[in-house]
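J.: Before I ask anything, let me first share the structure, which is written out below as structure tokens.
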Amino acid sequence: MPAPTDAFKAMADPARREILRLLRDGEMTAGQLAEHFDMTRPTMSHHFAVLAEADLITRRREGQTIWYGLNTTVLQDVAAWMMDLTQPQTRRRKA
């Protein structure tokens, strides 16, 4: 299981955030995603690998095609953690 910091590191890059945004409406192939970027295939593959390692996306192979999807469970965990930061922590007073 990836560390929570892996998700933050993966989301630090604007291209990877855009990939996540594109996947919010459903699975896309690597080629469909690549159409939205002006970068080489190896660079796109690197971004996919970083996102997959952080467990932010899923991958499934269908013949020669790789489909990518959004792993909403990890994103929900990250969002919950961030929301928790905004809640004041109750502290016990020493008696």
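A note on labels: chains of the structure tokens are A, B, ... as shown, every chain counts residues from 1, and ligands are counted from 1 in their shown order.
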Considering only C-alpha atoms, return as a PyMOL selection string whatever protein or nucleic-acid residues lie within 12 Å of A:Glu18, sequence-local ones (same chain, fewer than 6 positions apart) excluded.

T.: chain A and resi 10-12+24+33-34+36-37+44+47-48+51+70

J.: Can I get the selection written as a CSV table (one decimal), in the first residue's frame, with all heavy atoms?

T.:
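Saved result, selection.csv, follows:
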chain,number,residue,atom,x,y,z
A,10,ALA,N,2.5,12.8,-6.2
A,10,ALA,CA,2.0,12.5,-7.5
A,10,ALA,C,1.1,13.7,-8.0
A,10,ALA,O,1.1,14.1,-9.2
A,10,ALA,CB,1.2,11.2,-7.5
A,11,MET,N,0.3,14.2,-7.1
A,11,MET,CA,-0.6,15.3,-7.5
A,11,MET,C,0.1,16.7,-7.5
A,11,MET,O,-0.5,17.7,-7.9
A,11,MET,CB,-1.8,15.4,-6.5
A,11,MET,CG,-2.7,14.2,-6.6
A,11,MET,SD,-4.2,14.4,-5.6
A,11,MET,CE,-3.5,14.3,-3.9
A,12,ALA,N,1.4,16.7,-7.2
A,12,ALA,CA,2.1,18.0,-7.2
A,12,ALA,C,2.4,18.5,-8.6
A,12,ALA,O,2.5,19.7,-8.9
A,12,ALA,CB,3.4,17.9,-6.5
A,24,ARG,N,-12.1,11.8,-14.4
A,24,ARG,CA,-13.2,11.8,-13.4
A,24,ARG,C,-14.5,11.4,-14.1
A,24,ARG,O,-15.5,11.0,-13.4
A,24,ARG,CB,-13.4,13.2,-12.8
A,24,ARG,CG,-13.8,14.3,-13.8
A,24,ARG,CD,-13.9,15.6,-13.2
A,24,ARG,NE,-14.1,16.6,-14.2
A,24,ARG,CZ,-14.0,17.9,-14.1
A,24,ARG,NH1,-13.6,18.4,-12.9
A,24,ARG,NH2,-14.2,18.7,-15.1
A,33,LEU,N,-5.9,9.9,-23.5
A,33,LEU,CA,-5.3,10.8,-22.5
A,33,LEU,C,-4.2,11.6,-23.2
A,33,LEU,O,-4.1,12.8,-23.0
A,33,LEU,CB,-4.8,10.1,-21.3
A,33,LEU,CG,-5.9,9.6,-20.4
A,33,LEU,CD1,-5.4,8.5,-19.4
A,33,LEU,CD2,-6.6,10.7,-19.6
A,34,ALA,N,-3.3,10.9,-24.0
A,34,ALA,CA,-2.2,11.6,-24.6
A,34,ALA,C,-2.6,12.7,-25.6
A,34,ALA,O,-1.9,13.7,-25.7
A,34,ALA,CB,-1.3,10.6,-25.3
A,36,HIS,N,-4.5,15.0,-25.1
A,36,HIS,CA,-4.7,16.3,-24.4
A,36,HIS,C,-3.4,16.9,-24.0
A,36,HIS,O,-3.4,18.0,-23.3
A,36,HIS,CB,-5.5,16.0,-23.1
A,36,HIS,CG,-6.9,15.6,-23.4
A,36,HIS,ND1,-8.0,16.5,-23.6
A,36,HIS,CD2,-7.4,14.3,-23.6
A,36,HIS,CE1,-9.1,15.8,-23.8
A,36,HIS,NE2,-8.8,14.5,-23.9
A,37,PHE,N,-2.3,16.3,-24.3
A,37,PHE,CA,-1.0,16.8,-23.9
A,37,PHE,C,0.0,16.9,-25.1
A,37,PHE,O,-0.1,16.1,-26.0
A,37,PHE,CB,-0.4,15.9,-22.8
A,37,PHE,CG,-1.2,15.8,-21.6
A,37,PHE,CD1,-2.2,14.8,-21.5
A,37,PHE,CD2,-1.1,16.7,-20.6
A,37,PHE,CE1,-3.0,14.7,-20.4
A,37,PHE,CE2,-1.9,16.6,-19.4
A,37,PHE,CZ,-2.8,15.6,-19.3
A,44,MET,N,4.5,10.5,-21.0
A,44,MET,CA,3.2,10.2,-20.6
A,44,MET,C,3.2,8.9,-19.7
A,44,MET,O,2.6,8.8,-18.7
A,44,MET,CB,2.3,10.0,-21.8
A,44,MET,CG,1.8,11.2,-22.5
A,44,MET,SD,0.9,12.4,-21.4
A,44,MET,CE,-0.6,11.5,-21.0
A,47,HIS,N,4.2,9.6,-16.2
A,47,HIS,CA,3.2,10.2,-15.4
A,47,HIS,C,2.2,9.1,-15.0
A,47,HIS,O,1.7,9.1,-13.9
A,47,HIS,CB,2.4,11.3,-16.2
A,47,HIS,CG,3.2,12.5,-16.3
A,47,HIS,ND1,3.8,13.2,-15.2
A,47,HIS,CD2,3.5,13.3,-17.4
A,47,HIS,CE1,4.4,14.3,-15.7
A,47,HIS,NE2,4.3,14.4,-17.0
A,48,PHE,N,1.8,8.2,-15.9
A,48,PHE,CA,0.9,7.1,-15.6
A,48,PHE,C,1.5,6.2,-14.5
A,48,PHE,O,0.8,5.8,-13.6
A,48,PHE,CB,0.6,6.2,-16.8
A,48,PHE,CG,-0.1,6.9,-17.9
A,48,PHE,CD1,0.1,6.6,-19.2
A,48,PHE,CD2,-1.1,7.9,-17.7
A,48,PHE,CE1,-0.6,7.2,-20.3
A,48,PHE,CE2,-1.8,8.6,-18.7
A,48,PHE,CZ,-1.5,8.2,-20.0
A,51,LEU,N,1.3,8.0,-11.1
A,51,LEU,CA,-0.1,8.0,-10.6
A,51,LEU,C,-0.5,6.6,-10.1
A,51,LEU,O,-1.1,6.4,-9.1
A,51,LEU,CB,-1.0,8.5,-11.6
A,51,LEU,CG,-0.9,10.0,-11.9
A,51,LEU,CD1,-1.7,10.3,-13.2
A,51,LEU,CD2,-1.4,10.8,-10.7
A,70,LEU,N,-9.9,6.3,-12.6
A,70,LEU,CA,-9.6,7.1,-11.4
A,70,LEU,C,-9.9,6.2,-10.2
A,70,LEU,O,-10.9,5.5,-10.1
A,70,LEU,CB,-10.5,8.3,-11.3
A,70,LEU,CG,-10.3,9.4,-10.3
A,70,LEU,CD1,-8.9,10.0,-10.5
A,70,LEU,CD2,-11.3,10.5,-10.5

J.: Give me, as a compact mmCIF listing (two decimals) with N, CA and C atoms, in the first residue's frame, all polymer residues having an atom no more than 8 Å from A:Trp67, counting only C-alpha atoms and skipping those fewer than 2 positions away in the same chain.

T.:
# COMPACT_ATOMS: atom_id res chain seq x y z
N GLU A 27 -13.21 5.85 -17.54
CA GLU A 27 -11.96 5.31 -18.06
C GLU A 27 -11.62 5.91 -19.43
N MET A 28 -10.32 6.01 -19.66
CA MET A 28 -9.80 6.45 -20.94
C MET A 28 -8.57 5.62 -21.27
N THR A 29 -8.30 5.49 -22.56
CA THR A 29 -7.08 4.79 -22.97
C THR A 29 -5.90 5.73 -22.86
N ALA A 30 -4.72 5.14 -22.88
CA ALA A 30 -3.50 5.96 -22.85
C ALA A 30 -3.49 6.93 -24.04
N ARG A 59 -5.29 0.53 -13.69
CA ARG A 59 -4.94 0.15 -15.06
C ARG A 59 -5.53 -1.22 -15.33
N ARG A 60 -6.06 -1.35 -16.55
CA ARG A 60 -6.48 -2.69 -16.98
C ARG A 60 -6.18 -2.83 -18.45
N ARG A 61 -5.73 -4.01 -18.80
CA ARG A 61 -5.36 -4.28 -20.19
C ARG A 61 -6.51 -5.00 -20.87
N GLU A 62 -6.81 -4.53 -22.07
CA GLU A 62 -7.81 -5.17 -22.92
C GLU A 62 -7.15 -5.37 -24.27
N THR A 65 -4.66 -2.67 -25.63
CA THR A 65 -5.05 -1.37 -25.09
C THR A 65 -5.01 -1.36 -23.57
N GLY A 69 -8.26 4.40 -15.14
CA GLY A 69 -9.42 4.89 -14.41
C GLY A 69 -8.98 5.57 -13.13

J.: Run DSSP on the backbone and grab whatever in chain A lands in strand (DSSP E); send it over as a list in words.

T.: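 Checking each residue of chain A, the strand (DSSP E) ones are Met28, Thr29, Ile57, Thr58, Arg59, Arg60, Arg61, Glu62, Thr65, Ile66, Trp67, Tyr68, Gly69 and Leu70 of chain A.
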
J.: What is the distance between atom CA of A:Gln32 and atom CA of A:Thr5, in Å to one decimal?

T.: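 Computed distance, atom CA of A:Gln32 to atom CA of A:Thr5, equals 28.2 Å.
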
J.: When you count only C-alpha atoms, which of these residues is closest to A:Leu56: A:Ala79, A:Tyr68, A:Val74, A:Thr43?

T.: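 Distance minimum relative to A:Leu56 lands on A:Val74.
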
J.: Any idea what the distance is between atom CA of A:His46 and atom CA of A:Ala80?

T.: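 Computing the Euclidean distance for atom CA of A:His46 and atom CA of A:Ala80 yields 27.5 Å.
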
J.: Calculated over only C-alpha atoms, which of the candidates A:Asp77, A:Gln64, A:Gly31, A:Met39 has the smallest distance to A:Ala15?

T.: A:Met39

J.: Record the distance separating atom CA of A:Arg17 and atom CA of A:Val50, expressed in Å with one decimal.

T.: 11.5 Å

J.: DSSP says alpha helix (DSSP H) for which residues of chain A? Put them as a VMD selection string?

T.: chain A and resid 4 to 11 14 to 23 30 to 34 41 to 53 72 to 85
